[in-house]
>>> print(open('data-v2.csv').read())   # CSV, C-alpha atoms and all ligand atoms
chain,number,residue,atom,x,y,z
I,290,MET,CA,0.0,0.0,0.0
I,291,ASN,CA,1.2,3.5,-0.8
I,292,ASN,CA,1.3,5.6,2.4
I,293,LYS,CA,2.8,8.7,0.9
I,294,LYS,CA,0.7,11.7,1.7
I,295,GLY,CA,-0.1,14.5,-0.8
I,296,ARG,CA,1.2,18.0,-0.6
I,297,LEU,CA,-0.7,21.2,0.2
I,298,ILE,CA,0.2,23.7,-2.5
I,299,VAL,CA,-0.7,27.2,-1.3
I,300,ILE,CA,-1.0,29.7,-4.1
I,301,ALA,CA,-1.5,33.3,-2.9
I,302,ALA,CA,-1.7,36.5,-4.9
I,303,PRO,CA,-2.9,40.0,-4.2
I,304,SER,CA,-6.4,40.4,-5.7
I,305,GLY,CA,-6.2,41.3,-9.4
I,306,THR,CA,-2.9,39.7,-10.0
I,307,GLY,CA,-4.4,37.2,-12.4
I,308,LYS,CA,-4.2,34.1,-10.2
I,309,GLY,CA,-7.6,32.8,-11.5
I,310,THR,CA,-6.4,33.0,-15.2
I,311,ILE,CA,-3.2,31.2,-14.4
I,312,LEU,CA,-4.9,28.5,-12.4
I,313,ASP,CA,-7.6,28.0,-15.2
I,314,TYR,CA,-4.8,27.5,-17.7
I,315,MET,CA,-3.0,25.0,-15.4
I,316,LYS,CA,-6.2,23.1,-14.9
I,317,GLN,CA,-6.7,22.9,-18.7
I,318,GLN,CA,-3.2,21.6,-19.1
I,319,ARG,CA,-3.5,19.2,-16.1
I,320,PRO,CA,-7.1,18.3,-15.5
I,321,GLU,CA,-6.0,15.9,-12.8
I,322,ILE,CA,-5.0,18.9,-10.5
I,323,ASN,CA,-7.1,19.1,-7.4
I,324,THR,CA,-8.1,22.5,-6.2
I,325,SER,CA,-9.9,23.3,-3.0
I,326,ILE,CA,-13.4,25.0,-3.2
I,327,SER,CA,-13.5,27.7,-0.5
I,328,VAL,CA,-16.5,28.9,1.6
I,329,THR,CA,-17.2,32.6,1.6
I,330,THR,CA,-19.7,35.1,2.9
I,331,ARG,CA,-19.3,37.4,-0.1
I,332,GLN,CA,-22.0,37.7,-2.8
I,333,PRO,CA,-21.4,35.7,-6.0
I,334,ARG,CA,-20.4,37.6,-9.1
I,335,VAL,CA,-22.5,37.1,-12.2
I,336,ASP,CA,-20.5,34.3,-13.6
I,337,GLU,CA,-19.9,32.4,-10.3
I,338,LEU,CA,-21.7,29.2,-9.4
I,339,HIS,CA,-22.3,27.8,-5.9
I,340,GLY,CA,-20.1,24.7,-5.4
I,341,VAL,CA,-17.9,25.6,-8.4
I,342,SER,CA,-16.3,29.0,-7.7
I,343,TYR,CA,-17.1,29.0,-4.0
I,344,TYR,CA,-19.7,27.7,-1.5
I,345,PHE,CA,-21.6,30.9,-0.8
I,346,VAL,CA,-23.0,31.0,2.7
I,347,SER,CA,-24.4,33.4,5.2
I,348,ARG,CA,-22.3,35.0,7.9
I,349,GLU,CA,-24.3,33.0,10.5
I,350,ARG,CA,-23.5,29.7,8.7
I,351,PHE,CA,-19.8,30.7,8.4
I,352,LEU,CA,-19.5,31.5,12.1
I,353,GLU,CA,-21.2,28.2,12.9
I,354,MET,CA,-18.6,26.4,10.7
I,355,ILE,CA,-15.8,28.2,12.7
I,356,GLU,CA,-17.4,27.1,15.9
I,357,ASP,CA,-17.6,23.5,14.7
I,358,ASP,CA,-13.9,23.5,13.7
I,359,GLU,CA,-14.7,22.8,10.0
I,360,PHE,CA,-11.9,25.0,8.6
I,361,LEU,CA,-8.3,24.3,7.9
I,362,GLU,CA,-7.8,28.0,7.8
I,363,TYR,CA,-10.0,31.1,7.4
I,364,ALA,CA,-9.5,34.8,7.2
I,365,GLU,CA,-11.5,38.0,6.9
I,366,TYR,CA,-10.8,39.9,3.7
I,367,ILE,CA,-12.3,43.3,3.1
I,368,GLY,CA,-15.3,42.7,5.4
I,369,GLU,CA,-16.1,39.2,4.2
I,370,TYR,CA,-15.0,35.7,5.4
I,371,TYR,CA,-13.2,33.2,3.3
I,372,GLY,CA,-12.2,29.7,4.5
I,373,THR,CA,-10.9,26.3,3.4
I,374,PRO,CA,-13.0,23.4,4.5
I,375,LYS,CA,-10.9,20.8,6.3
I,376,LYS,CA,-12.5,17.5,5.4
I,377,PRO,CA,-12.1,17.4,1.6
I,378,ILE,CA,-8.5,18.5,1.9
I,379,TYR,CA,-7.7,15.9,4.6
I,380,ASP,CA,-9.2,13.1,2.5
I,381,LEU,CA,-7.2,14.0,-0.6
I,382,VAL,CA,-3.9,14.5,1.2
I,383,GLU,CA,-4.3,11.2,3.1
I,384,ALA,CA,-5.0,9.5,-0.3
I,385,GLY,CA,-1.6,10.8,-1.5
I,386,GLN,CA,-3.1,13.5,-3.7
I,387,ASP,CA,-1.7,17.1,-3.9
I,388,VAL,CA,-4.2,19.9,-3.4
I,389,ILE,CA,-4.0,23.5,-4.5
I,390,LEU,CA,-5.4,26.1,-2.1
I,391,GLU,CA,-6.0,29.6,-3.7
I,392,ILE,CA,-6.0,31.8,-0.7
I,393,GLU,CA,-4.9,35.2,0.6
I,394,VAL,CA,-1.8,35.7,2.8
I,395,GLN,CA,-3.4,35.6,6.3
I,396,GLY,CA,-4.7,32.1,5.5
I,397,ALA,CA,-1.4,31.1,3.9
I,398,LYS,CA,0.3,31.9,7.2
I,399,GLN,CA,-2.1,29.6,9.1
I,400,ILE,CA,-1.4,26.8,6.6
I,401,LEU,CA,2.3,27.2,6.9
I,402,SER,CA,2.1,26.4,10.6
I,403,LEU,CA,0.4,23.0,10.0
I,404,ASP,CA,2.2,19.7,10.0
I,405,TYR,CA,1.8,19.0,6.2
I,406,ASP,CA,4.2,18.8,3.3
I,407,ILE,CA,3.7,22.4,2.0
I,408,LEU,CA,4.7,24.4,-1.0
I,409,ALA,CA,4.0,28.1,-0.7
I,410,ILE,CA,3.9,30.1,-3.9
I,411,LEU,CA,3.2,33.9,-4.2
I,412,ILE,CA,2.2,35.3,-7.5
I,413,VAL,CA,3.0,39.0,-7.8
I,414,PRO,CA,2.1,41.6,-10.4
I,415,PRO,CA,4.9,43.1,-12.5
I,416,ASP,CA,4.3,46.4,-10.5
I,417,MET,CA,1.6,48.2,-8.5
I,418,GLU,CA,0.5,50.4,-11.5
I,419,GLU,CA,-0.3,47.2,-13.5
I,420,LEU,CA,-2.2,45.7,-10.6
I,421,GLU,CA,-4.4,48.9,-10.3
I,422,ARG,CA,-5.0,48.9,-14.0
I,423,ARG,CA,-6.1,45.2,-13.9
I,424,LEU,CA,-8.4,45.7,-10.9
I,425,ARG,CA,-10.0,48.8,-12.6
I,426,GLY,CA,-10.4,46.8,-15.9
I,427,ARG,CA,-12.2,44.0,-14.1
I,428,GLY,CA,-14.9,46.6,-13.1
I,429,THR,CA,-16.4,44.5,-10.4
I,430,ASP,CA,-15.5,46.7,-7.4
I,431,THR,CA,-16.7,50.0,-6.1
I,432,GLN,CA,-14.0,52.8,-5.7
I,433,GLN,CA,-14.0,52.0,-1.9
I,434,GLN,CA,-13.5,48.2,-2.5
I,435,LEU,CA,-10.8,49.0,-5.1
I,436,THR,CA,-8.9,51.2,-2.6
I,437,ALA,CA,-9.2,48.5,0.0
I,438,ARG,CA,-8.0,45.7,-2.4
I,439,LEU,CA,-4.9,47.9,-3.3
I,440,GLU,CA,-4.1,48.6,0.3
I,441,ARG,CA,-4.4,44.9,1.1
I,442,ALA,CA,-2.2,44.0,-1.9
I,443,LYS,CA,0.6,46.2,-0.5
I,444,GLU,CA,0.4,44.5,2.9
I,445,GLU,CA,0.5,41.1,1.2
I,446,LEU,CA,3.5,41.9,-1.0
I,447,ALA,CA,5.4,43.1,2.1
I,448,GLN,CA,5.1,39.5,3.4
I,449,SER,CA,6.6,37.8,0.4
I,450,SER,CA,9.4,36.3,2.5
I,451,LEU,CA,6.9,33.8,4.0
I,452,PHE,CA,6.7,32.0,0.6
I,453,THR,CA,9.1,29.4,-0.8
I,454,HIS,CA,8.6,30.6,-4.4
I,455,ILE,CA,7.7,34.0,-6.0
I,456,VAL,CA,6.3,34.0,-9.5
I,457,VAL,CA,5.8,37.2,-11.5
I,458,ASN,CA,2.7,37.3,-13.6
I,459,ASP,CA,4.1,39.2,-16.6
I,460,ASP,CA,2.5,36.7,-18.9
I,461,TYR,CA,-0.1,34.2,-17.6
I,462,ILE,CA,1.1,31.2,-19.7
I,463,ARG,CA,4.7,31.7,-18.8
I,464,ALA,CA,3.7,32.1,-15.1
I,465,ALA,CA,1.6,28.9,-15.2
I,466,MET,CA,4.5,27.0,-16.8
I,467,GLU,CA,6.8,28.2,-14.1
I,468,ILE,CA,4.4,27.1,-11.4
I,469,MET,CA,4.0,23.6,-13.1
I,470,ASP,CA,7.8,23.3,-13.1
I,471,ILE,CA,7.9,24.2,-9.4
I,472,LEU,CA,5.3,21.4,-8.7
I,473,ASP,CA,7.4,18.9,-10.7
I,474,ALA,CA,10.7,19.8,-9.2
Z,501,LIG,P1,-12.2,37.2,-4.3
Z,501,LIG,O1,-13.3,38.0,-3.5
Z,501,LIG,O2,-11.5,38.1,-5.3
Z,501,LIG,O3,-12.8,35.9,-4.9
Z,501,LIG,O4,-11.2,36.7,-3.2
Z,501,LIG,C1,-10.5,37.6,-2.4
Z,501,LIG,C2,-9.3,37.0,-1.8
Z,501,LIG,O5,-9.7,35.9,-0.9
Z,501,LIG,C3,-8.4,36.4,-2.8
Z,501,LIG,O6,-7.0,36.7,-2.4
Z,501,LIG,C4,-8.6,34.9,-2.7
Z,501,LIG,O7,-7.4,34.1,-3.0
Z,501,LIG,C5,-8.8,34.8,-1.2
Z,501,LIG,N1,-9.5,33.5,-0.8
Z,501,LIG,C6,-10.3,32.7,-1.5
Z,501,LIG,N2,-10.7,31.6,-0.8
Z,501,LIG,C7,-10.0,31.7,0.3
Z,501,LIG,C8,-10.0,30.8,1.5
Z,501,LIG,O8,-10.5,29.8,1.6
Z,501,LIG,N3,-9.2,31.2,2.5
Z,501,LIG,C9,-8.5,32.4,2.5
Z,501,LIG,N4,-7.7,32.7,3.5
Z,501,LIG,N5,-8.5,33.2,1.4
Z,501,LIG,C10,-9.3,32.9,0.4
>>> encode(input="data-v2.csv", output="structure tokens", more="lines below")
Ligand code: 5GP
Amino acid sequence: MNNKKGRLIVIAAPSGTGKGTILDYMKQQRPEINTSISVTTRQPRVDELHGVSYYFVSRERFLEMIEDDEFLEYAEYIGEYYGTPKKPIYDLVEAGQDVILEIEVQGAKQILSLDYDILAILIVPPDMEELERRLRGRGTDTQQQLTARLERAKEELAQSSLFTHIVVNDDYIRAAMEIMDILDA
């Protein structure tokens, strides 16, 4: 029997860095990649489906899940909660499968303190001007949310030393290939 456990692959990136596009490309190239589906209290965007992008829950339900110790990690991000459910991750890792967690930096810090085999990758924008341009272009945030996301991005980039690998998203295909190389190394 193979008792080798899988790895937790934390991929963090300031909001607007293009992490979603990179991960979509990686999943196309490698359909076998497991990604965790997070739970959040934020409202779904138009193209987001419950159980695919996130599990969208009420604040009450989220607090209940915290109380019941159902999260591997969770964090508050611009007034909303986001968390990684423990059970599906545990099952995959115990079965020897790697799992990718797409989370922000507070949550990444919590994962780094766990007793798992962990790879921590931070995707960064080429520079802050480009990040602001991408966030504005997305057009999903109010001015207040945009300012909060940019502030948070600066704080997150200041913590880059926590990560084992830093990947610059100058081109999403190149960045995705670099991450796949890191996973294979
Ligand atoms: P968004 O609202 O843009 O979907 O996500 C906001 C931030 O929350 C992103 O940085 C995203 O990676 C992060 N995030 C998504 N799911 C989780 C999670 O389960 N835990 C934590 N800590 N962050 C998450």
>>> closest_residue(input="data-v2.csv", among="I:Gln434, I:Thr429, I:Thr310, I:Asn292", to="Ile462 (chain I)", atoms="all atoms listed in the file")
I:Thr310
>>> residues_near_ligand(input="data-v2.csv", ligand="ligand LIG 501 (chain Z)", cutoff="6 Å", atoms="all atoms listed in the file", output="list in words")
Ala301, Ala302, Pro303, Ser304, Ser327, Tyr363, Ala364, Tyr371, Gly372, Thr373, Glu391, Ile392, Glu393, Gln395 and Gly396 of chain I
>>> closest_residue(input="data-v2.csv", among="I:Ala409, I:Ile311, I:Val341, I:Ala397", to="Ala464 (chain I)", atoms="all atoms listed in the file")
I:Ile311
>>> residues_around(input="data-v2.csv", residues="region 439-446 of chain I", least_positions_apart="4", cutoff="12 Å", atoms="only C-alpha atoms", output="ChimeraX atom specification")
/I:301-306,365-368,392-398,411-425,430,432-435,450-452,455-457
>>> closest_residue(input="data-v2.csv", among="I:Leu361, I:Ile355, I:Leu338, I:Ile410", to="Lys308 (chain I)", atoms="all atoms listed in the file")
I:Ile410
>>> closest_residue(input="data-v2.csv", among="I:Ile400, I:Ile389, I:Gly340, I:His454", to="Glu321 (chain I)", atoms="all atoms listed in the file")
I:Ile389
>>> closest_residue(input="data-v2.csv", among="I:Pro320, I:Gly426, I:Gly295, I:Pro333", to="Gln386 (chain I)", atoms="all atoms listed in the file")
I:Gly295
>>> closest_residue(input="data-v2.csv", among="I:Asp357, I:Ser325, I:Arg334, I:Ala474", to="Tyr379 (chain I)", atoms="all atoms listed in the file")
I:Ser325
>>> residues_around(input="data-v2.csv", residues="Arg331 (chain I)", least_positions_apart="3", cutoff="9 Å", atoms="all atoms listed in the file", output="PyMOL selection string")
chain I and resi 345-348+368-371
>>> residues_around(input="data-v2.csv", residues="Asp473 (chain I)", least_positions_apart="5", cutoff="12 Å", atoms="all atoms listed in the file", output="JSON list (two decimals) with C-alpha atoms, in the coordinates of the input")
[["chain", "number", "residue", "atom", "x", "y", "z"],
["I", 296, "ARG", "CA", 1.20, 18.00, -0.60],
["I", 298, "ILE", "CA", 0.20, 23.70, -2.50],
["I", 387, "ASP", "CA", -1.70, 17.10, -3.90],
["I", 408, "LEU", "CA", 4.70, 24.40, -1.00],
["I", 466, "MET", "CA", 4.50, 27.00, -16.80],
["I", 467, "GLU", "CA", 6.80, 28.20, -14.10],
["I", 468, "ILE", "CA", 4.40, 27.10, -11.40]]
